[in-house]
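model27.cif follows; it contains mmCIF, C-alpha atoms (C1' of nucleotides).
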data_my_file
#
loop_
_atom_site.label_atom_id
_atom_site.label_comp_id
_atom_site.auth_asym_id
_atom_site.auth_seq_id
_atom_site.Cartn_x
_atom_site.Cartn_y
_atom_site.Cartn_z
CA MET A 1 0.00 0.00 0.00
CA ILE A 2 3.05 2.19 0.03
CA ARG A 3 2.15 3.24 3.51
CA ILE A 4 4.12 3.90 6.67
CA THR A 5 2.97 2.37 9.93
CA ARG A 6 0.85 4.35 12.30
CA GLN A 7 3.70 4.29 14.79
CA SER A 8 5.92 6.15 12.37
CA ASP A 9 3.14 8.58 11.70
CA TYR A 10 2.65 9.17 15.41
CA GLY A 11 6.38 9.39 15.92
CA ILE A 12 6.69 12.17 13.40
CA VAL A 13 3.83 14.06 14.98
CA LEU A 14 5.37 13.68 18.42
CA LEU A 15 8.76 14.85 17.26
CA SER A 16 7.25 17.68 15.30
CA GLN A 17 5.63 18.92 18.49
CA MET A 18 9.04 19.11 20.10
CA ALA A 19 10.71 20.55 17.04
CA GLY A 20 9.56 24.10 17.60
CA ARG A 21 10.91 24.30 21.13
CA PRO A 22 14.38 24.76 22.58
CA ILE A 23 16.44 21.62 22.16
CA GLU A 24 17.17 21.31 25.87
CA GLU A 25 13.52 21.41 26.92
CA VAL A 26 12.41 18.20 28.61
CA LEU A 27 8.88 16.98 27.96
CA THR A 28 7.19 14.18 29.87
CA ALA A 29 5.54 11.38 27.96
CA LYS A 30 2.22 12.46 29.45
CA ASP A 31 2.55 16.00 28.16
CA ALA A 32 3.70 14.88 24.75
CA ALA A 33 0.75 12.51 24.50
CA LYS A 34 -1.71 15.20 25.48
CA ARG A 35 -0.38 17.69 22.98
CA SER A 36 -0.49 15.19 20.15
CA GLY A 37 -3.85 13.77 21.08
CA LEU A 38 -2.47 10.26 21.51
CA PRO A 39 -3.17 7.74 24.27
CA LEU A 40 -0.38 7.78 26.82
CA PRO A 41 0.72 4.14 26.48
CA MET A 42 1.09 4.51 22.76
CA ALA A 43 3.07 7.72 22.99
CA SER A 44 5.22 6.23 25.69
CA LYS A 45 6.04 3.20 23.61
CA ILE A 46 7.07 5.33 20.65
CA LEU A 47 9.12 7.82 22.67
CA LYS A 48 10.94 4.92 24.25
CA ALA A 49 11.84 3.48 20.87
CA LEU A 50 13.00 6.85 19.59
CA ALA A 51 15.25 7.21 22.61
CA ARG A 52 16.66 3.74 22.05
CA GLU A 53 17.50 4.70 18.48
CA GLY A 54 19.24 7.85 19.56
CA LEU A 55 16.82 10.46 18.26
CA LEU A 56 15.71 11.43 21.74
CA VAL A 57 17.45 11.56 25.09
CA SER A 58 15.56 10.18 28.06
CA HIS A 59 15.82 11.60 31.56
CA ARG A 60 14.70 9.21 34.24
CA GLY A 61 13.36 9.90 37.66
CA MET A 62 11.36 12.79 38.95
CA ARG A 63 11.20 15.81 36.65
CA GLY A 64 12.39 13.49 33.92
CA GLY A 65 11.11 13.12 30.38
CA TYR A 66 12.41 13.29 26.85
CA SER A 67 14.34 15.87 24.92
CA LEU A 68 15.68 16.02 21.38
CA ALA A 69 19.11 14.46 20.96
CA VAL A 70 19.95 16.87 18.15
CA ALA A 71 18.32 19.90 16.58
CA ALA A 72 15.09 19.25 14.73
CA ALA A 73 16.63 20.49 11.52
CA GLU A 74 19.14 17.67 11.76
CA ILE A 75 16.52 14.94 11.95
CA SER A 76 14.85 13.84 8.76
CA VAL A 77 11.53 12.16 8.17
CA GLY A 78 13.50 9.25 6.77
CA ASP A 79 15.45 8.97 10.02
CA VAL A 80 12.28 8.64 12.04
CA ILE A 81 10.75 6.03 9.78
CA GLU A 82 13.92 4.00 9.71
CA ALA A 83 14.26 4.22 13.47
CA LEU A 84 10.75 2.93 14.07
CA GLU A 85 10.36 0.33 11.37
CA GLY A 86 13.73 -0.51 9.95
CA PRO A 87 15.16 -0.04 6.48
CA ILE A 88 12.97 1.58 3.85
CA GLY A 89 12.15 -0.51 0.81
CA ILE A 90 9.24 -0.53 -1.60
CA THR A 91 9.60 -4.27 -2.01
CA GLU A 92 10.95 -6.94 0.29
CA CYS A 93 13.86 -7.62 -2.01
CA SER A 94 14.87 -3.96 -2.01
CA TYR A 95 16.71 -4.29 1.25
CA ASN A 96 16.51 -7.94 2.19
CA PRO A 97 18.58 -9.96 -0.25
CA GLY A 98 17.70 -13.62 -0.35
CA ALA A 99 14.09 -13.19 0.69
CA CYS A 100 12.79 -14.03 -2.76
CA GLU A 101 13.59 -17.17 -4.69
CA GLN A 102 13.24 -15.51 -8.06
CA GLU A 103 15.92 -13.01 -7.21
CA GLY A 104 18.42 -14.17 -9.77
CA SER A 105 16.03 -14.16 -12.67
CA CYS A 106 13.73 -11.31 -11.64
CA PRO A 107 13.67 -8.66 -14.34
CA VAL A 108 12.34 -5.84 -12.21
CA ARG A 109 14.36 -6.21 -9.03
CA SER A 110 17.15 -3.78 -9.85
CA ASN A 111 14.70 -1.06 -10.72
CA TRP A 112 12.77 -1.47 -7.49
CA ARG A 113 16.01 -1.06 -5.64
CA ARG A 114 16.71 2.19 -7.39
CA ILE A 115 13.20 3.51 -6.82
CA SER A 116 13.42 2.58 -3.15
CA VAL A 117 16.72 4.34 -2.71
CA ALA A 118 15.35 7.39 -4.47
CA VAL A 119 12.35 7.57 -2.17
CA ARG A 120 14.57 7.06 0.83
CA ASN A 121 16.86 9.85 -0.29
CA ALA A 122 13.90 12.14 -0.77
CA LEU A 123 12.57 11.44 2.73
CA ASP A 124 16.04 11.95 4.12
CA LYS A 125 16.05 15.46 2.77
CA ILE A 126 12.92 16.55 4.58
CA PRO A 127 13.82 17.83 8.03
CA LEU A 128 11.38 17.44 10.88
CA SER A 129 11.30 21.17 11.27
CA GLU A 130 9.51 21.40 7.95
CA MET A 131 6.81 18.85 8.58
CA SER A 132 4.86 20.93 11.01
CA SER A 133 4.71 24.04 8.91
CA PRO A 134 1.60 24.35 6.74
CA LEU A 135 3.49 25.78 3.80
CA PRO A 136 7.01 24.45 4.06
CA PRO A 137 9.38 26.72 2.20
CA ALA A 138 12.11 24.28 1.33
CA LEU A 139 10.08 21.09 1.05
CA ASN A 140 9.51 21.62 -2.62
CA SER A 141 13.10 22.02 -3.59
CA GLN A 142 14.08 19.16 -1.31
CA LEU A 143 11.76 16.70 -2.93
CA SER A 144 12.39 17.94 -6.43
CA THR A 145 15.93 16.64 -6.20
CA LEU A 146 14.65 13.08 -6.03
CA ASN A 147 16.60 11.36 -8.72
CA VAL A 148 17.53 7.76 -9.15
CA LEU A 149 20.82 8.77 -10.63
CA GLU A 150 21.93 9.21 -7.05
CA ALA A 151 20.45 5.90 -6.11
CA ARG A 152 23.60 3.90 -6.50
CA THR A 153 23.93 1.28 -3.84
CA MET B 1 6.92 0.08 5.95
CA ILE B 2 6.48 1.97 2.70
CA ARG B 3 6.03 -1.27 0.89
CA ILE B 4 3.76 -2.44 -1.90
CA THR B 5 1.92 -5.72 -1.49
CA ARG B 6 3.30 -8.86 -2.98
CA GLN B 7 0.35 -8.97 -5.33
CA SER B 8 1.35 -5.67 -6.86
CA ASP B 9 4.90 -6.87 -7.09
CA TYR B 10 3.79 -10.04 -8.86
CA GLY B 11 1.44 -8.06 -11.05
CA ILE B 12 4.24 -5.88 -12.30
CA VAL B 13 6.40 -8.89 -13.01
CA LEU B 14 3.57 -10.57 -14.89
CA LEU B 15 2.84 -7.51 -16.98
CA SER B 16 6.50 -6.90 -17.61
CA GLN B 17 6.73 -10.36 -19.09
CA MET B 18 4.03 -9.45 -21.55
CA ALA B 19 5.42 -6.00 -22.22
CA GLY B 20 8.12 -7.10 -24.60
CA ARG B 21 5.75 -8.97 -26.90
CA PRO B 22 3.27 -7.88 -29.53
CA ILE B 23 0.23 -6.29 -27.96
CA GLU B 24 -2.20 -8.70 -29.62
CA GLU B 25 -0.44 -11.82 -28.35
CA VAL B 26 -2.63 -13.89 -26.05
CA LEU B 27 -1.01 -15.64 -23.13
CA THR B 28 -2.71 -18.24 -20.95
CA ALA B 29 -2.59 -17.85 -17.20
CA LYS B 30 -0.63 -21.09 -17.02
CA ASP B 31 2.06 -19.84 -19.38
CA ALA B 32 2.29 -16.49 -17.64
CA ALA B 33 2.66 -18.22 -14.29
CA LYS B 34 5.36 -20.51 -15.56
CA ARG B 35 7.37 -17.70 -17.10
CA SER B 36 7.21 -15.60 -13.94
CA GLY B 37 7.86 -18.49 -11.58
CA LEU B 38 4.57 -17.98 -9.75
CA PRO B 39 2.06 -20.60 -8.62
CA LEU B 40 -0.81 -20.80 -11.06
CA PRO B 41 -3.65 -19.88 -8.66
CA MET B 42 -1.82 -16.76 -7.58
CA ALA B 43 -1.07 -15.64 -11.10
CA SER B 44 -4.61 -16.38 -12.14
CA LYS B 45 -6.02 -14.29 -9.32
CA ILE B 46 -3.86 -11.33 -10.24
CA LEU B 47 -4.46 -11.54 -13.98
CA LYS B 48 -8.16 -11.66 -13.30
CA ALA B 49 -7.99 -8.49 -11.22
CA LEU B 50 -5.91 -6.72 -13.84
CA ALA B 51 -8.48 -7.61 -16.48
CA ARG B 52 -11.28 -6.35 -14.26
CA GLU B 53 -9.45 -3.03 -13.93
CA GLY B 54 -9.00 -2.70 -17.64
CA LEU B 55 -5.27 -3.21 -17.93
CA LEU B 56 -5.65 -6.60 -19.58
CA VAL B 57 -8.22 -8.04 -21.94
CA SER B 58 -9.39 -11.57 -21.24
CA HIS B 59 -10.32 -14.05 -23.89
CA ARG B 60 -12.49 -16.87 -22.68
CA GLY B 61 -12.90 -20.36 -23.95
CA MET B 62 -10.47 -22.61 -25.65
CA ARG B 63 -7.32 -20.92 -26.98
CA GLY B 64 -8.19 -18.06 -24.67
CA GLY B 65 -5.97 -16.14 -22.28
CA TYR B 66 -4.95 -12.59 -21.56
CA SER B 67 -3.52 -9.82 -23.67
CA LEU B 68 -2.52 -6.25 -22.95
CA ALA B 69 -5.37 -3.77 -23.24
CA VAL B 70 -3.01 -1.03 -24.34
CA ALA B 71 0.67 -0.79 -25.23
CA ALA B 72 3.09 -1.44 -22.39
CA ALA B 73 4.47 2.05 -22.75
CA GLU B 74 1.04 3.43 -21.90
CA ILE B 75 0.78 1.53 -18.61
CA SER B 76 2.63 2.94 -15.62
CA VAL B 77 3.84 1.25 -12.46
CA GLY B 78 1.46 3.53 -10.59
CA ASP B 79 -1.44 2.26 -12.66
CA VAL B 80 -0.73 -1.32 -11.73
CA ILE B 81 -0.38 -0.59 -8.03
CA GLU B 82 -3.55 1.43 -7.96
CA ALA B 83 -5.42 -1.26 -9.86
CA LEU B 84 -4.41 -3.96 -7.42
CA GLU B 85 -4.52 -2.17 -4.10
CA GLY B 86 -6.42 1.06 -4.50
CA PRO B 87 -5.31 4.66 -4.11
CA ILE B 88 -1.69 5.32 -3.23
CA GLY B 89 -1.04 7.14 0.02
CA ILE B 90 1.86 7.17 2.45
CA THR B 91 -0.52 7.68 5.34
CA GLU B 92 -4.15 6.71 5.79
CA CYS B 93 -5.23 10.33 5.85
CA SER B 94 -3.51 11.03 2.54
CA TYR B 95 -6.40 9.67 0.56
CA ASN B 96 -9.06 8.77 3.08
CA PRO B 97 -10.41 11.95 4.68
CA GLY B 98 -12.15 11.38 7.96
CA ALA B 99 -10.20 8.30 8.95
CA CYS B 100 -8.29 10.15 11.65
CA GLU B 101 -9.84 12.10 14.47
CA GLN B 102 -6.93 14.50 14.74
CA GLU B 103 -7.38 15.57 11.17
CA GLY B 104 -8.38 19.12 11.92
CA SER B 105 -5.53 19.85 14.24
CA CYS B 106 -2.84 17.63 12.75
CA PRO B 107 0.20 19.71 11.86
CA VAL B 108 1.76 17.25 9.44
CA ARG B 109 -1.21 16.09 7.42
CA SER B 110 -0.98 18.54 4.55
CA ASN B 111 2.65 17.70 4.00
CA TRP B 112 1.99 13.98 3.93
CA ARG B 113 -0.61 14.61 1.27
CA ARG B 114 1.87 16.43 -0.87
CA ILE B 115 4.55 13.81 -0.42
CA SER B 116 2.06 11.09 -1.33
CA VAL B 117 0.96 12.85 -4.46
CA ALA B 118 4.56 13.40 -5.44
CA VAL B 119 5.38 9.72 -5.07
CA ARG B 120 2.27 8.79 -6.95
CA ASN B 121 3.18 11.14 -9.79
CA ALA B 122 6.66 9.68 -9.93
CA LEU B 123 5.36 6.12 -10.18
CA ASP B 124 2.91 7.23 -12.82
CA LYS B 125 5.77 8.34 -14.99
CA ILE B 126 7.51 4.99 -15.03
CA PRO B 127 6.11 2.90 -17.88
CA LEU B 128 5.98 -0.86 -17.58
CA SER B 129 8.21 -1.14 -20.59
CA GLU B 130 11.04 0.30 -18.51
CA MET B 131 10.73 -1.94 -15.51
CA SER B 132 12.05 -5.04 -17.20
CA SER B 133 15.13 -3.44 -18.65
CA PRO B 134 18.25 -3.72 -16.51
CA LEU B 135 19.43 -0.21 -17.31
CA PRO B 136 16.32 1.77 -18.11
CA PRO B 137 17.24 4.76 -20.23
CA ALA B 138 14.44 7.10 -19.30
CA LEU B 139 13.78 6.01 -15.73
CA ASN B 140 16.24 8.50 -14.39
CA SER B 141 14.77 11.52 -16.04
CA GLN B 142 11.26 10.33 -15.25
CA LEU B 143 11.88 10.10 -11.55
CA SER B 144 13.92 13.24 -11.39
CA THR B 145 10.84 15.26 -12.17
CA LEU B 146 9.31 14.25 -8.86
CA ASN B 147 8.34 17.53 -7.36
CA VAL B 148 5.69 18.38 -4.84
CA LEU B 149 5.07 21.63 -6.61
CA GLU B 150 2.97 19.58 -9.00
CA ALA B 151 1.30 17.88 -6.09
CA ARG B 152 -1.72 20.12 -5.97
CA THR B 153 -4.86 18.21 -5.28
"C1'" DT C 1 11.52 7.35 52.19
"C1'" DG C 2 8.10 8.24 48.86
"C1'" DA C 3 6.54 10.10 44.58
"C1'" DA C 4 7.23 10.77 39.69
"C1'" DA C 5 8.84 9.28 35.77
"C1'" DT C 6 11.06 6.11 32.39
"C1'" DC C 7 12.36 1.05 31.18
"C1'" DG C 8 11.54 -3.52 29.83
"C1'" DT C 9 8.69 -7.01 28.69
"C1'" DA C 10 4.90 -9.55 27.97
"C1'" DC C 11 0.34 -10.07 26.29
"C1'" DC C 12 -3.93 -9.84 23.52
"C1'" DT C 13 -6.71 -8.71 19.55
"C1'" DT C 14 -7.55 -7.67 14.94
"C1'" DG C 15 -7.22 -7.04 10.20
"C1'" DG C 16 -4.85 -7.56 6.03
"C1'" DT C 17 -2.21 -10.48 3.17
"C1'" DG C 18 -0.95 -14.63 0.97
"C1'" DG C 19 -2.50 -18.68 -0.63
"C1'" DT C 20 -5.87 -22.55 -1.99
"C1'" DA C 21 -10.03 -24.80 -3.64
"C1'" DC C 22 -14.21 -25.41 -5.96
"C1'" DT C 23 -17.90 -24.56 -8.99
"C1'" DG C 24 -19.84 -22.05 -12.93
"C1'" DT C 25 -19.46 -20.10 -17.62
"C1'" DT C 26 -17.73 -19.48 -22.15
"C1'" DT C 27 -15.84 -21.03 -26.46
"C1'" DG C 28 -13.47 -23.75 -29.96
"C1'" DT C 29 -12.89 -28.27 -31.95
"C1'" DA C 30 -13.45 -33.07 -32.95
"C1'" DT D 1 -23.45 -32.50 -30.06
"C1'" DA D 2 -20.23 -33.39 -26.62
"C1'" DC D 3 -15.97 -32.61 -24.62
"C1'" DA D 4 -12.03 -30.10 -23.20
"C1'" DA D 5 -9.61 -25.85 -22.39
"C1'" DA D 6 -9.60 -21.75 -20.32
"C1'" DC D 7 -11.36 -17.76 -17.61
"C1'" DA D 8 -14.90 -15.98 -13.73
"C1'" DG D 9 -16.52 -15.72 -9.27
"C1'" DT D 10 -16.53 -16.68 -4.71
"C1'" DA D 11 -15.55 -18.57 -0.59
"C1'" DC D 12 -12.36 -20.13 2.64
"C1'" DC D 13 -8.27 -20.67 5.71
"C1'" DA D 14 -3.72 -19.66 8.02
"C1'" DC D 15 -0.41 -16.68 9.31
"C1'" DC D 16 1.78 -12.66 10.83
"C1'" DA D 17 2.51 -8.01 11.78
"C1'" DA D 18 0.59 -4.09 13.65
"C1'" DG D 19 -2.07 -1.67 17.09
"C1'" DG D 20 -2.94 -1.32 21.56
"C1'" DT D 21 -2.73 -2.38 26.78
"C1'" DA D 22 -0.84 -3.69 31.28
"C1'" DC D 23 2.36 -4.34 34.88
"C1'" DG D 24 6.30 -4.64 37.64
"C1'" DA D 25 11.25 -2.90 37.89
"C1'" DT D 26 14.34 0.87 38.08
"C1'" DT D 27 16.01 5.46 38.56
"C1'" DT D 28 16.11 10.06 40.44
"C1'" DC D 29 14.85 14.00 43.09
"C1'" DA D 30 12.75 16.35 46.95
#

Translate this file's structure into structure tokens.
Amino acid sequence: MIRITRQSDYGIVLLSQMAGRPIEEVLTAKDAAKRSGLPLPMASKILKALAREGLLVSHRGMRGGYSLAVAAAEISVGDVIEALEGPIGITECSYNPGACEQEGSCPVRSNWRRISVAVRNALDKIPLSEMSSPLPPALNSQLSTLNVLEART
Amino acid sequence: MIRITRQSDYGIVLLSQMAGRPIEEVLTAKDAAKRSGLPLPMASKILKALAREGLLVSHRGMRGGYSLAVAAAEISVGDVIEALEGPIGITECSYNPGACEQEGSCPVRSNWRRISVAVRNALDKIPLSEMSSPLPPALNSQLSTLNVLEART
DNA sequence: TGAAATCGTACCTTGGTGGTACTGTTTGTA
DNA sequence: TACAAACAGTACCACCAAGGTACGATTTCA
């Protein structure tokens, strides 16, 4: 369906909420959930995963919470998706060699790889800081550079 | 996971097999399955769906089979995916308004829509006839035009 | 010492996907 | 006219990943 998981979707919303604030600001899972309109357990699960992958820093104990590990402009949409659901690939064989028996004789495999890499590159060029703005200034030029010529593996 | 279904994948392989041959050539489901290395029931199911969506023409009875409805160059990868799994959208809300309660207040929705449309446009510009060639000549330039500026709904 | 918060893990449910089977219908040919 | 080849339609099942929830352990600060 060419669709990301809901967790990735939520993750991007959660991070976008934090993107507009000072990098050192610590936000509790409860607050983040409330602001994003998500149930607490769900938000908590996602924040935890993002911390494990190094996109967030967790602060335990009282007055703890989560803060951005790096500036929002340094985190891309592709980073978030990859952190929450692993490598990006339009088809199974795009990133998991050996998964398909027809691999050797498949006529379309190499092109799927290139398309996947192109999409991945495009998502990598969209910073989180742009996702929350209604009319992102640079998004257009970012995406317009999508080109499979760069999609060499 | 930003992945197409296996059915779409198979569908593109099946159609690519037929793409290199004369448009009026009729191929039985059995032959198509054998050439693509797919189990017959699976191939049959997919060919049937493609015929229902107008990408193939079915010929019933003895010496029947399937043939391309239009030239392979006229069919895009996006067409096949949309025929087999419905509208393309990176997120649920990209094509299904009302599915998400947060829709009104969601800060990232409009950008997902634009990204989805851009991807869709890109896939629409890749003709089937290119997918089976190992070094597609025009694929690069096709994909490089991916630009959300065109992604007005 | 207790409260607030994350951490880790385990669990359940559901829906979509992949895959199979069977029966009906059409059409050409012997 | 009957048979065989091929598609059409539908129904069914199994599996797995995803969505979502719960709970006890651990850390830290006041």

Residues within 6 Å of region 28-31 of chain A, all atoms listed in the file, excluding chain neighbours under 2 positions, as an MDAnalysis selection string
chainID A and resid 33:34 40 44 65

Expected file contents, prior selection, C-alpha atoms, as an mmCIF file, in the frame of the given file:
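out_9.cif, freshly written:
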data_model
loop_
_atom_site.group_PDB
_atom_site.id
_atom_site.type_symbol
_atom_site.label_atom_id
_atom_site.label_comp_id
_atom_site.auth_asym_id
_atom_site.auth_seq_id
_atom_site.Cartn_x
_atom_site.Cartn_y
_atom_site.Cartn_z
ATOM 1 C CA ALA A 33 0.750 12.510 24.500
ATOM 2 C CA LYS A 34 -1.710 15.200 25.480
ATOM 3 C CA LEU A 40 -0.380 7.780 26.820
ATOM 4 C CA SER A 44 5.220 6.230 25.690
ATOM 5 C CA GLY A 65 11.110 13.120 30.380
#

Skipping near chain neighbours, those fewer than 2 positions away, what residues fall within 12 Å of Gly54 (chain A) using only C-alpha atoms (C1' of nucleotides), listed as a ChimeraX atom specification?
/A:47-52,56-58,66-70,75,79-80,82-84

May I ask you to extract the residues of chain D within 6 Å of chain B, using all atoms listed in the file, and to give them as a PyMOL selection string?
chain D and resi 5-7

By how many Å are C1' of DA11 (chain D) and C1' of DT25 (chain C) apart?
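Straight-line distance from C1' of DA11 (chain D) to C1' of DT25 (chain C) works out to 17.5 Å.
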
So that I can see what lies close to DG18 (chain C), please list as a ChimeraX atom specification the residues with an atom at most 10 Å from it, counting only C-alpha atoms (C1' of nucleotides) and leaving out residues fewer than 4 positions away in the same chain.
/B:5-7,42 /D:14-15

Using only C-alpha atoms (C1' of nucleotides), give me every residue within 7 Å of (-18.8, -15.6, -13.3) in file coordinates, as a ChimeraX atom specification.
/C:24-25 /D:8-9

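Across the model, the gap from CA of Ala72 (chain A) to CA of Leu15 (chain A) is 8.1 Å.
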
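Look at DT14 (chain C): the protein and nucleic acid residues within 12 Å of it, using only C-alpha atoms (C1' of nucleotides) and passing over chain neighbours fewer than 6 places away, are DC16, DA17, DA18, DG19 and DG20 of chain D.
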
Evaluate the PyMOL selection byres ((chain C) within 6 of (chain A)) and record the selected residues as a PDB file with C-alpha atoms (C1' of nucleotides), keeping the file's coordinate frame, following the chain and residue labels used in the document.
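Once written, out-v2.pdb looks like this:
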ATOM      1  C1'  DA C   4       7.230  10.770  39.690  1.00  0.00           C
ATOM      2  C1'  DA C   5       8.840   9.280  35.770  1.00  0.00           C
ATOM      3  C1'  DT C   6      11.060   6.110  32.390  1.00  0.00           C
TER       4       DT C   6
END

Can you tell me which residues surround DA22 (chain D) at a distance of at most 10 Å, considering only C-alpha atoms (C1' of nucleotides), apart from same-chain residues fewer than 3 positions away, and format the answer as a VMD selection string?
(chain A and resid 41) or (chain C and resid 10 to 11)

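Distances here use all atoms listed in the file; by that measure, the residue among A:Ile2, A:Ala118, A:Val77, A:Met18 closest to chain B is A:Ile2.
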
Suppose you want the space between CA of Leu38 (chain B) and CA of Glu101 (chain A); what is it in Å?
10.4 Å

Care to translate the PyMOL selection byres ((chain C and resi 2) around 12) into actual residues of this file, as a PDB file with C-alpha atoms (C1' of nucleotides), keeping the file's coordinate frame?
ATOM      1  CA  MET A  62      11.360  12.790  38.950  1.00  0.00           C
TER       2      MET A  62
ATOM      3  C1'  DT C   1      11.520   7.350  52.190  1.00  0.00           C
ATOM      4  C1'  DA C   3       6.540  10.100  44.580  1.00  0.00           C
ATOM      5  C1'  DA C   4       7.230  10.770  39.690  1.00  0.00           C
TER       6       DA C   4
ATOM      7  C1'  DT D  28      16.110  10.060  40.440  1.00  0.00           C
ATOM      8  C1'  DC D  29      14.850  14.000  43.090  1.00  0.00           C
ATOM      9  C1'  DA D  30      12.750  16.350  46.950  1.00  0.00           C
TER      10       DA D  30
END
